[in-house]
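Next comes upload27.txt, with compact mmCIF, C-alpha atoms.
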```
# COMPACT_ATOMS: atom_id res chain seq x y z
CA MET A 165 -2.90 -18.28 40.62
CA LYS A 166 -0.69 -19.03 37.62
CA ASN A 167 -3.47 -18.04 35.21
CA LEU A 168 -4.06 -14.83 37.15
CA VAL A 169 -0.39 -13.87 36.86
CA LEU A 170 -0.40 -14.60 33.12
CA LEU A 171 -3.52 -12.50 32.67
CA LEU A 172 -1.88 -9.62 34.52
CA LEU A 173 1.23 -9.86 32.33
CA LEU A 174 -0.92 -9.84 29.20
CA VAL A 175 -2.78 -6.75 30.36
CA LEU A 176 0.50 -4.99 31.11
CA GLY A 177 1.87 -5.94 27.71
CA VAL A 178 4.77 -7.90 29.17
CA VAL A 179 3.73 -11.09 27.41
CA ASN A 180 2.73 -11.04 23.74
CA THR A 181 1.05 -14.23 22.54
CA SER A 182 0.28 -13.05 19.01
CA THR A 183 2.36 -13.66 15.90
CA ALA A 184 2.25 -12.09 12.45
CA ARG A 185 -0.60 -14.40 11.52
CA ASP A 186 -2.76 -15.09 14.57
CA GLY A 187 -4.83 -13.34 17.19
CA TYR A 188 -7.27 -11.59 14.87
CA PHE A 189 -9.27 -14.33 13.17
CA THR A 190 -12.98 -15.07 13.51
CA ASP A 191 -15.20 -17.44 11.58
CA LYS A 192 -17.05 -14.47 10.08
CA THR A 193 -13.98 -12.64 8.79
CA GLU A 194 -13.49 -12.80 5.03
CA LYS A 195 -10.34 -14.71 4.13
CA HIS A 196 -7.86 -14.07 1.34
CA ASP A 197 -4.38 -15.52 0.79
CA VAL A 198 -3.31 -12.65 -1.46
CA ALA A 199 -3.87 -8.89 -1.34
CA VAL A 200 -3.08 -6.33 -4.02
CA LEU A 201 -1.99 -2.98 -2.59
CA ILE A 202 -2.57 -0.12 -5.04
CA ILE A 203 -0.47 2.75 -3.75
CA ASP A 204 -1.07 6.49 -4.24
CA MET A 205 -2.78 6.36 -7.62
CA GLN A 206 -4.33 9.75 -6.94
CA ASN A 207 -4.76 12.69 -9.29
CA ASP A 208 -2.09 14.77 -7.53
CA PHE A 209 0.48 12.08 -8.39
CA VAL A 210 -0.86 10.76 -11.70
CA LYS A 211 -2.44 13.57 -13.73
CA PRO A 212 -0.02 15.35 -16.09
CA GLY A 213 0.77 18.78 -14.68
CA ALA A 214 -0.36 17.89 -11.16
CA ILE A 215 1.53 19.31 -8.21
CA LEU A 216 3.52 16.09 -7.62
CA CYS A 217 3.04 14.35 -10.94
CA VAL A 218 5.10 11.19 -11.38
CA ASP A 219 5.76 10.96 -15.11
CA GLY A 220 5.71 7.18 -15.15
CA ALA A 221 2.42 6.79 -13.27
CA MET A 222 -0.21 7.36 -15.96
CA PRO A 223 1.22 4.72 -18.34
CA THR A 224 0.82 2.07 -15.62
CA VAL A 225 -2.93 2.63 -15.20
CA PRO A 226 -3.97 -0.10 -17.71
CA ALA A 227 -1.73 -2.68 -16.02
CA ILE A 228 -3.00 -1.75 -12.56
CA LYS A 229 -6.59 -1.98 -13.78
CA ASP A 230 -5.83 -5.40 -15.28
CA LEU A 231 -4.19 -6.56 -12.04
CA ALA A 232 -7.10 -5.33 -9.92
CA SER A 233 -9.66 -7.05 -12.14
CA TYR A 234 -7.67 -10.27 -12.07
CA ALA A 235 -7.41 -10.03 -8.28
CA ARG A 236 -11.15 -9.68 -7.83
CA GLU A 237 -11.81 -12.61 -10.18
CA HIS A 238 -9.45 -14.83 -8.17
CA ASP A 239 -10.61 -13.89 -4.67
CA TRP A 240 -7.63 -11.70 -3.85
CA LYS A 241 -8.34 -8.58 -1.82
CA VAL A 242 -7.79 -5.22 -3.50
CA ILE A 243 -6.71 -2.48 -1.10
CA HIS A 244 -6.16 1.12 -2.19
CA VAL A 245 -3.54 2.74 0.03
CA ILE A 246 -3.66 6.51 -0.43
CA ARG A 247 -2.32 9.76 0.98
CA ALA A 248 -4.66 12.02 2.97
CA HIS A 249 -3.38 15.30 4.40
CA ASP A 250 -5.13 18.06 6.31
CA LYS A 251 -5.48 21.25 4.28
CA ASP A 252 -3.15 23.12 6.67
CA GLY A 253 -0.43 20.48 6.25
CA ILE A 254 -0.27 19.68 9.95
CA ASN A 255 0.18 15.95 9.26
CA VAL A 256 2.41 16.10 6.18
CA ASP A 257 6.06 15.01 5.98
CA ALA A 258 8.33 17.84 7.09
CA PRO A 259 10.08 18.29 3.69
CA ARG A 260 6.69 18.90 2.04
CA ILE A 261 5.33 21.48 4.48
CA PRO A 262 6.22 24.29 2.01
CA LEU A 263 3.64 22.86 -0.39
CA PHE A 264 0.95 23.86 2.14
CA THR A 265 2.22 27.33 3.11
CA ASP A 266 2.13 30.82 1.57
CA GLY A 267 -1.19 30.20 -0.11
CA LYS A 268 -0.17 26.93 -1.75
CA PRO A 269 -3.00 24.36 -1.93
CA GLY A 270 -1.05 21.34 -0.70
CA TYR A 271 -1.74 17.91 -2.12
CA CYS A 272 -3.91 14.85 -1.52
CA VAL A 273 -6.34 16.80 0.64
CA PRO A 274 -9.60 14.86 1.14
CA GLY A 275 -12.48 16.42 -0.77
CA THR A 276 -10.26 17.90 -3.48
CA ASP A 277 -9.88 16.56 -7.00
CA GLY A 278 -6.19 15.97 -6.38
CA GLY A 279 -6.90 13.71 -3.44
CA LYS A 280 -9.17 11.43 -5.45
CA ILE A 281 -8.11 8.10 -6.90
CA VAL A 282 -7.91 8.36 -10.70
CA ASP A 283 -11.22 7.59 -12.40
CA GLU A 284 -9.88 4.52 -14.19
CA LEU A 285 -9.08 2.87 -10.85
CA THR A 286 -12.15 3.89 -8.86
CA PRO A 287 -12.51 1.35 -6.03
CA GLU A 288 -15.18 -1.31 -6.36
CA PRO A 289 -17.61 -1.82 -3.44
CA GLU A 290 -15.70 -4.86 -2.22
CA ASP A 291 -12.33 -3.05 -2.22
CA LEU A 292 -10.81 -1.45 0.87
CA VAL A 293 -9.32 2.03 1.11
CA ILE A 294 -6.69 2.81 3.74
CA THR A 295 -5.31 6.31 4.22
CA LYS A 296 -1.79 7.17 5.27
CA THR A 297 0.31 10.27 5.92
CA ARG A 298 3.78 8.90 5.23
CA ASN A 299 5.54 6.80 2.60
CA SER A 300 4.78 3.38 4.06
CA GLY A 301 1.24 2.08 3.95
CA PHE A 302 1.96 0.42 7.30
CA PHE A 303 3.16 3.49 9.22
CA GLN A 304 0.53 4.38 11.86
CA THR A 305 -2.29 2.74 9.87
CA ASN A 306 -4.38 -0.40 10.42
CA LEU A 307 -3.10 -2.09 7.25
CA ASP A 308 -1.21 -4.85 9.06
CA MET A 309 -4.17 -5.61 11.32
CA VAL A 310 -6.54 -5.82 8.34
CA LEU A 311 -4.19 -8.13 6.42
CA ARG A 312 -3.74 -10.40 9.43
CA ARG A 313 -7.45 -10.59 10.07
CA MET A 314 -8.06 -11.76 6.50
CA GLY A 315 -5.23 -14.28 6.71
CA VAL A 316 -3.22 -12.67 3.91
CA LYS A 317 0.20 -14.20 3.36
CA THR A 318 1.24 -12.50 0.11
CA VAL A 319 1.02 -8.82 -0.81
CA ILE A 320 1.43 -7.68 -4.41
CA LEU A 321 2.32 -4.02 -4.79
CA ALA A 322 1.23 -1.67 -7.55
CA GLY A 323 1.24 2.11 -7.81
CA THR A 324 3.64 5.00 -7.41
CA GLN A 325 6.37 5.79 -6.86
CA TYR A 326 9.30 3.41 -6.48
CA PRO A 327 11.72 5.35 -4.24
CA ASN A 328 9.10 6.61 -1.82
CA CYS A 329 5.79 4.91 -1.12
CA VAL A 330 6.29 1.71 -3.10
CA ARG A 331 9.67 1.06 -1.53
CA GLY A 332 8.60 2.11 1.97
CA THR A 333 5.53 -0.11 1.89
CA ALA A 334 7.47 -3.03 0.42
CA ALA A 335 10.18 -2.84 3.08
CA ASP A 336 7.65 -2.77 5.89
CA ALA A 337 5.61 -5.61 4.37
CA MET A 338 8.74 -7.74 4.31
CA SER A 339 9.51 -6.74 7.91
CA TYR A 340 6.04 -7.96 8.93
CA ASP A 341 6.86 -11.31 7.27
CA TYR A 342 4.51 -11.06 4.31
CA GLU A 343 5.69 -12.53 1.04
CA THR A 344 6.26 -9.26 -0.79
CA VAL A 345 5.93 -8.93 -4.56
CA ILE A 346 6.44 -5.92 -6.81
CA CYS A 347 4.40 -6.06 -10.03
CA LEU A 348 6.80 -4.36 -12.42
CA ASP A 349 4.23 -3.41 -15.07
CA ALA A 350 2.09 -1.75 -12.41
CA CYS A 351 4.66 0.37 -10.52
CA SER A 352 6.28 3.62 -11.58
CA ALA A 353 8.80 6.37 -10.94
CA LYS A 354 9.60 9.78 -12.38
CA THR A 355 12.16 8.31 -14.78
CA PRO A 356 13.13 4.85 -16.04
CA GLU A 357 16.52 5.32 -14.40
CA VAL A 358 14.97 5.87 -10.98
CA ALA A 359 12.76 2.83 -11.46
CA LYS A 360 15.68 0.65 -12.54
CA ALA A 361 17.84 1.68 -9.57
CA ASN A 362 15.07 0.95 -7.08
CA ILE A 363 14.18 -2.39 -8.63
CA TYR A 364 17.83 -3.37 -8.28
CA ASP A 365 17.78 -2.44 -4.59
CA LEU A 366 14.43 -4.12 -3.91
CA ARG A 367 15.63 -7.37 -5.43
CA ASN A 368 18.77 -7.23 -3.30
CA MET A 369 16.52 -6.78 -0.26
CA GLY A 370 14.88 -10.12 -1.08
CA ILE A 371 11.70 -8.68 -2.56
CA LYS A 372 10.33 -10.44 -5.62
CA CYS A 373 10.02 -8.12 -8.64
CA ILE A 374 8.13 -9.76 -11.52
CA SER A 375 5.91 -8.90 -14.46
CA LEU A 376 2.11 -8.93 -14.46
CA ASP A 377 2.11 -12.13 -16.52
CA GLU A 378 4.43 -13.75 -13.99
CA VAL A 379 2.19 -12.62 -11.13
CA LYS A 380 -0.79 -14.31 -12.79
CA ALA A 381 1.15 -17.49 -13.53
CA THR A 382 2.69 -17.74 -10.06
CA TYR A 383 -0.21 -16.95 -7.74
CA THR A 384 -3.27 -18.34 -9.48
CA LYS A 385 -4.73 -21.25 -7.54
```

Same coordinates, now as structure tokens:
Amino acid sequence: MKNLVLLLLLVLGVVNTSTARDGYFTDKTEKHDVAVLIIDMQNDFVKPGAILCVDGAMPTVPAIKDLASYAREHDWKVIHVIRAHDKDGINVDAPRIPLFTDGKPGYCVPGTDGGKIVDELTPEPEDLVITKTRNSGFFQTNLDMVLRRMGVKTVILAGTQYPNCVRGTAADAMSYDYETVICLDACSAKTPEVAKANIYDLRNMGIKCISLDEVKATYTK
């Protein structure tokens, strides 16, 4: 009888037996302690002259490529977290709806050049790609579930840009109890001043902000 009651409570969602690290594992699931999240390195954000070009993004491409290669060599999981919006803008953030109206093409629309990840960072077959419609890579996506299933404990963030998608994803990662690391050489903003201000805030939030060399020295087995 007791087991029947517990089962009923579980079905109703009254009792939650999972934690941030359990409930998803199987013997056949690939396991990784560390995941690198490469955020929004798409042509519409990175290419000079693009609709939402972040001036600091292109210079970080070599560091991101280095970080991704290092991750693959050391059995870390590389996950590309990218924007994907319908061409009519129905699922875009409200402040950016005007970019999809009055004949404007929008941005990060699947199938367009702007929605593609930059050529230099084309995902490898073993990488994962997760799409999102808001700043945080965790908001209404399966990112947390995927990380839990692989047993990831540490997420290292790269990509663009600091005040929006990098910061939003970092804050949520910390809220889900992942060790959250910003790779300074691999993240960007429109200006150095914007980057500096956000790094200051992120550090005060308890998020580790370190260089690529420090990432390699700290997290290599």

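Computed from the coordinates, the CA of Ile203 in chain A to CA of Ile374 in chain A distance equals 17.1 Å.
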
### Query
What lies within 12 Å of Lys380 in chain A using all atoms listed in the file, ignoring chain neighbours under 2 positions off, as number ranges by chain?
A: 198, 230-235, 237-238, 240, 320, 345, 347, 374-378, 382-385

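Take CA of Asp197 in chain A and CA of Lys360 in chain A: the distance between them is 29.0 Å.
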
### Task
Find the residues around range 298-314 of chain A up to 9 Å (all atoms listed in the file counted), leave out those fewer than 4 positions away in its own chain, and share them as a VMD selection string.
chain A and resid 184 to 190 193 to 197 199 201 203 241 245 to 247 255 to 257 294 319 328 to 337 340

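Between CA of Gly270 in chain A and CA of Asp349 in chain A the separation is 29.1 Å.
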
Rebuild range 246-265 of chain A so that it carries N, CA and C atoms, then output the result as a PDB file, in the coordinates of the input.
```pdb
ATOM      1  N   ILE A 246      -3.785   5.163   0.128  1.00  0.00           N
ATOM      2  CA  ILE A 246      -3.660   6.510  -0.430  1.00  0.00           C
ATOM      3  C   ILE A 246      -3.233   7.529   0.623  1.00  0.00           C
ATOM      4  N   ARG A 247      -2.673   8.628   0.127  1.00  0.00           N
ATOM      5  CA  ARG A 247      -2.320   9.760   0.980  1.00  0.00           C
ATOM      6  C   ARG A 247      -3.563  10.559   1.343  1.00  0.00           C
ATOM      7  N   ALA A 248      -3.592  11.114   2.554  1.00  0.00           N
ATOM      8  CA  ALA A 248      -4.660  12.020   2.970  1.00  0.00           C
ATOM      9  C   ALA A 248      -4.081  13.010   3.970  1.00  0.00           C
ATOM     10  N   HIS A 249      -3.984  14.270   3.549  1.00  0.00           N
ATOM     11  CA  HIS A 249      -3.380  15.300   4.400  1.00  0.00           C
ATOM     12  C   HIS A 249      -4.381  16.407   4.718  1.00  0.00           C
ATOM     13  N   ASP A 250      -4.314  16.918   5.938  1.00  0.00           N
ATOM     14  CA  ASP A 250      -5.130  18.060   6.310  1.00  0.00           C
ATOM     15  C   ASP A 250      -4.757  19.270   5.453  1.00  0.00           C
ATOM     16  N   LYS A 251      -5.712  20.132   5.194  1.00  0.00           N
ATOM     17  CA  LYS A 251      -5.480  21.250   4.280  1.00  0.00           C
ATOM     18  C   LYS A 251      -4.434  22.239   4.795  1.00  0.00           C
ATOM     19  N   ASP A 252      -4.187  22.239   6.122  1.00  0.00           N
ATOM     20  CA  ASP A 252      -3.150  23.120   6.670  1.00  0.00           C
ATOM     21  C   ASP A 252      -1.779  22.456   6.713  1.00  0.00           C
ATOM     22  N   GLY A 253      -1.710  21.179   6.299  1.00  0.00           N
ATOM     23  CA  GLY A 253      -0.430  20.480   6.250  1.00  0.00           C
ATOM     24  C   GLY A 253       0.092  20.013   7.583  1.00  0.00           C
ATOM     25  N   ILE A 254      -0.744  20.014   8.608  1.00  0.00           N
ATOM     26  CA  ILE A 254      -0.270  19.680   9.950  1.00  0.00           C
ATOM     27  C   ILE A 254       0.246  18.245  10.042  1.00  0.00           C
ATOM     28  N   ASN A 255      -0.237  17.359   9.173  1.00  0.00           N
ATOM     29  CA  ASN A 255       0.180  15.950   9.260  1.00  0.00           C
ATOM     30  C   ASN A 255       0.998  15.499   8.055  1.00  0.00           C
ATOM     31  N   VAL A 256       1.606  16.451   7.351  1.00  0.00           N
ATOM     32  CA  VAL A 256       2.410  16.100   6.180  1.00  0.00           C
ATOM     33  C   VAL A 256       3.873  15.908   6.579  1.00  0.00           C
ATOM     34  N   ASP A 257       4.630  15.164   5.750  1.00  0.00           N
ATOM     35  CA  ASP A 257       6.060  15.010   5.980  1.00  0.00           C
ATOM     36  C   ASP A 257       6.723  16.388   6.024  1.00  0.00           C
ATOM     37  N   ALA A 258       7.684  16.542   6.900  1.00  0.00           N
ATOM     38  CA  ALA A 258       8.330  17.840   7.090  1.00  0.00           C
ATOM     39  C   ALA A 258       8.879  18.451   5.793  1.00  0.00           C
ATOM     40  N   PRO A 259       9.543  17.673   4.909  1.00  0.00           N
ATOM     41  CA  PRO A 259      10.080  18.290   3.690  1.00  0.00           C
ATOM     42  C   PRO A 259       9.008  18.861   2.763  1.00  0.00           C
ATOM     43  N   ARG A 260       7.750  18.434   2.945  1.00  0.00           N
ATOM     44  CA  ARG A 260       6.690  18.900   2.040  1.00  0.00           C
ATOM     45  C   ARG A 260       5.778  19.949   2.672  1.00  0.00           C
ATOM     46  N   ILE A 261       6.112  20.413   3.853  1.00  0.00           N
ATOM     47  CA  ILE A 261       5.330  21.480   4.480  1.00  0.00           C
ATOM     48  C   ILE A 261       5.233  22.723   3.586  1.00  0.00           C
ATOM     49  N   PRO A 262       6.325  23.107   2.878  1.00  0.00           N
ATOM     50  CA  PRO A 262       6.220  24.290   2.010  1.00  0.00           C
ATOM     51  C   PRO A 262       5.135  24.205   0.944  1.00  0.00           C
ATOM     52  N   LEU A 263       4.698  23.003   0.607  1.00  0.00           N
ATOM     53  CA  LEU A 263       3.640  22.860  -0.390  1.00  0.00           C
ATOM     54  C   LEU A 263       2.277  23.290   0.171  1.00  0.00           C
ATOM     55  N   PHE A 264       2.203  23.478   1.484  1.00  0.00           N
ATOM     56  CA  PHE A 264       0.950  23.860   2.140  1.00  0.00           C
ATOM     57  C   PHE A 264       0.976  25.289   2.688  1.00  0.00           C
ATOM     58  N   THR A 265       2.092  25.994   2.523  1.00  0.00           N
ATOM     59  CA  THR A 265       2.220  27.330   3.110  1.00  0.00           C
ATOM     60  C   THR A 265       2.209  28.415   2.033  1.00  0.00           C
TER      61      THR A 265
END
```
